[in-house]
Amino acid sequence: MQNDLRIADHPILDIQKGRQISFQFNSRTITAYKGETIAAAFYASGVRIFSRSFKYHRPRGLFCMAGHCSNCLMRVDGVPNVRVCREPARQGSVVMSQNAWPSLKFDLAALDLAHGGSEIKQAHAQAMEHLAENRPIAD
Ligand code: FES
């Protein structure tokens, strides 16, 4: 885990931390403070990619931080499409990324589209055709 990136001391704001809690994010343990949102805890832990765009699977970070966009949608305790910028962190929660495989950092769907998705599909179709034509016939 990276260093804690939270603001520890501020000349104007009185920053108070609640009790320390932890939850799981894609098999990783994230530390949060009671009262923080899931997104704030992620950001403090160095997480910068929160989702992937629906069409091209481009990485998406926090944008509005007010629950008005779709950049931070995740599955929280089995509930899909939760906006984690508005969702409080809870002890023992399980948070999973969605719309990306195998991970948010490396999404195969983005690779496919970025490198000519139609060419990959065409190569796959040709390989299947070749297999069908050259498959040994069973007696
Ligand atoms: S960052 Fe926009 S809804 Fe969470």
# chains A, B, ... in the order shown; residues from 1 in each chain; ligands from 1
$ residues_near_ligand --ligand "ligand 1" --cutoff "7 Å" --atoms "only C-alpha atoms and all ligand atoms" --output "JSON, numbers by chain"
{"A": [62, 63, 64, 65, 66, 67, 68, 69, 70, 71, 72, 73, 83, 84, 85, 86]}
$ write_last_selection --atoms "C-alpha atoms" --output "short mmCIF file (atom, residue, chain, number, x, y, z; two decimals), in the first residue's frame"
data_model
loop_
_atom_site.label_atom_id
_atom_site.label_comp_id
_atom_site.auth_asym_id
_atom_site.auth_seq_id
_atom_site.Cartn_x
_atom_site.Cartn_y
_atom_site.Cartn_z
CA LEU A 62 -12.96 10.52 -10.06
CA PHE A 63 -14.80 13.33 -11.84
CA CYS A 64 -17.71 15.01 -10.07
CA MET A 65 -17.37 13.59 -6.54
CA ALA A 66 -21.06 14.39 -6.11
CA GLY A 67 -22.88 11.32 -7.42
CA HIS A 68 -23.74 12.88 -10.78
CA CYS A 69 -21.58 10.93 -13.25
CA SER A 70 -20.75 7.27 -13.79
CA ASN A 71 -17.00 7.36 -13.27
CA CYS A 72 -16.96 5.66 -9.88
CA LEU A 73 -19.53 2.88 -10.27
CA ARG A 83 -21.35 5.49 -6.73
CA VAL A 84 -18.45 5.09 -4.31
CA CYS A 85 -17.85 8.86 -4.14
CA ARG A 86 -21.09 9.06 -2.13
#
$ residues_around --residues "region 34-40 of chain A" --least-positions-apart "2" --cutoff "12 Å" --atoms "only C-alpha atoms" --output "MDAnalysis selection string"
chainID A and resid 4:7 15:25 30:32 42:51 61:67 71:76 82:91 93:96
$ write_last_selection --atoms "C-alpha atoms" --output "CSV table (one decimal), in the first residue's frame"
chain,number,residue,atom,x,y,z
A,4,ASP,CA,-1.4,7.7,3.3
A,5,LEU,CA,-2.3,10.7,1.0
A,6,ARG,CA,-4.8,12.2,3.3
A,7,ILE,CA,-4.5,15.9,4.3
A,15,ILE,CA,-9.8,17.8,9.9
A,16,GLN,CA,-11.0,15.1,12.3
A,17,LYS,CA,-10.5,11.5,11.6
A,18,GLY,CA,-13.0,8.9,12.9
A,19,ARG,CA,-12.1,5.4,14.0
A,20,GLN,CA,-9.9,3.4,11.6
A,21,ILE,CA,-11.7,0.7,9.7
A,22,SER,CA,-10.8,-1.6,6.8
A,23,PHE,CA,-12.5,-3.2,3.9
A,24,GLN,CA,-11.7,-5.3,0.8
A,25,PHE,CA,-11.2,-4.0,-2.7
A,30,ILE,CA,-8.0,-0.7,2.1
A,31,THR,CA,-7.8,1.4,5.3
A,32,ALA,CA,-10.4,4.1,5.9
A,42,PHE,CA,-9.3,4.6,-2.4
A,43,TYR,CA,-7.7,7.9,-3.4
A,44,ALA,CA,-5.8,8.1,-0.1
A,45,SER,CA,-4.5,4.6,-0.9
A,46,GLY,CA,-3.3,5.6,-4.4
A,47,VAL,CA,-6.2,4.2,-6.4
A,48,ARG,CA,-6.6,6.4,-9.5
A,49,ILE,CA,-8.6,4.3,-11.9
A,50,PHE,CA,-12.2,3.8,-10.7
A,51,SER,CA,-13.9,2.4,-13.7
A,61,GLY,CA,-10.9,8.5,-12.5
A,62,LEU,CA,-13.0,10.5,-10.1
A,63,PHE,CA,-14.8,13.3,-11.8
A,64,CYS,CA,-17.7,15.0,-10.1
A,65,MET,CA,-17.4,13.6,-6.5
A,66,ALA,CA,-21.1,14.4,-6.1
A,67,GLY,CA,-22.9,11.3,-7.4
A,71,ASN,CA,-17.0,7.4,-13.3
A,72,CYS,CA,-17.0,5.7,-9.9
A,73,LEU,CA,-19.5,2.9,-10.3
A,74,MET,CA,-18.6,-0.3,-8.4
A,75,ARG,CA,-20.1,-3.3,-6.8
A,76,VAL,CA,-20.4,-2.8,-3.0
A,82,VAL,CA,-22.9,2.0,-6.5
A,83,ARG,CA,-21.4,5.5,-6.7
A,84,VAL,CA,-18.5,5.1,-4.3
A,85,CYS,CA,-17.8,8.9,-4.1
A,86,ARG,CA,-21.1,9.1,-2.1
A,87,GLU,CA,-21.0,5.7,-0.3
A,88,PRO,CA,-19.5,5.7,3.2
A,89,ALA,CA,-16.8,3.2,3.9
A,90,ARG,CA,-17.9,0.4,6.3
A,91,GLN,CA,-15.8,-2.1,8.2
A,93,SER,CA,-17.3,-4.3,3.2
A,94,VAL,CA,-16.3,-6.0,0.0
A,95,VAL,CA,-15.9,-3.6,-3.0
A,96,MET,CA,-15.3,-4.9,-6.5
$ closest_residue --among "A:Asn81, A:Pro11, A:Asn99, A:Asn134" --to "Phe54 (chain A)" --atoms "only C-alpha atoms"
A:Asn99
$ select_by_dssp --residues "region 14-73 of chain A" --states "helix (DSSP H, G or I)" --output "PyMOL selection string"
chain A and resi 38-44
$ select_by_dssp --residues "chain A" --states "strand (DSSP E)" --output "PyMOL selection string"
chain A and resi 20-25+28-33+51-52+59-60+73-76+79-83+94-96
$ write_last_selection --atoms "C-alpha atoms" --output "compact mmCIF listing (two decimals), in the first residue's frame"
# COMPACT_ATOMS: atom_id res chain seq x y z
CA GLN A 20 -9.88 3.43 11.64
CA ILE A 21 -11.66 0.69 9.70
CA SER A 22 -10.77 -1.56 6.78
CA PHE A 23 -12.53 -3.18 3.86
CA GLN A 24 -11.65 -5.28 0.82
CA PHE A 25 -11.20 -3.96 -2.70
CA ARG A 28 -6.75 -5.82 -1.43
CA THR A 29 -7.23 -4.39 2.05
CA ILE A 30 -7.99 -0.67 2.14
CA THR A 31 -7.81 1.42 5.30
CA ALA A 32 -10.41 4.11 5.87
CA TYR A 33 -11.63 6.31 8.67
CA SER A 51 -13.95 2.43 -13.72
CA ARG A 52 -13.75 1.92 -17.46
CA PRO A 59 -9.80 4.30 -17.74
CA ARG A 60 -11.92 6.68 -15.69
CA LEU A 73 -19.53 2.88 -10.27
CA MET A 74 -18.56 -0.25 -8.36
CA ARG A 75 -20.11 -3.29 -6.76
CA VAL A 76 -20.39 -2.82 -2.99
CA VAL A 79 -24.88 -4.38 -5.03
CA PRO A 80 -23.85 -3.23 -8.54
CA ASN A 81 -23.54 0.36 -9.80
CA VAL A 82 -22.92 2.02 -6.45
CA ARG A 83 -21.35 5.49 -6.73
CA VAL A 94 -16.34 -6.02 -0.04
CA VAL A 95 -15.93 -3.62 -2.96
CA MET A 96 -15.34 -4.91 -6.47
$ atom_distance --atom1 "CA of Gly92 (chain A)" --atom2 "CA of Asp107 (chain A)"
26.6 Å
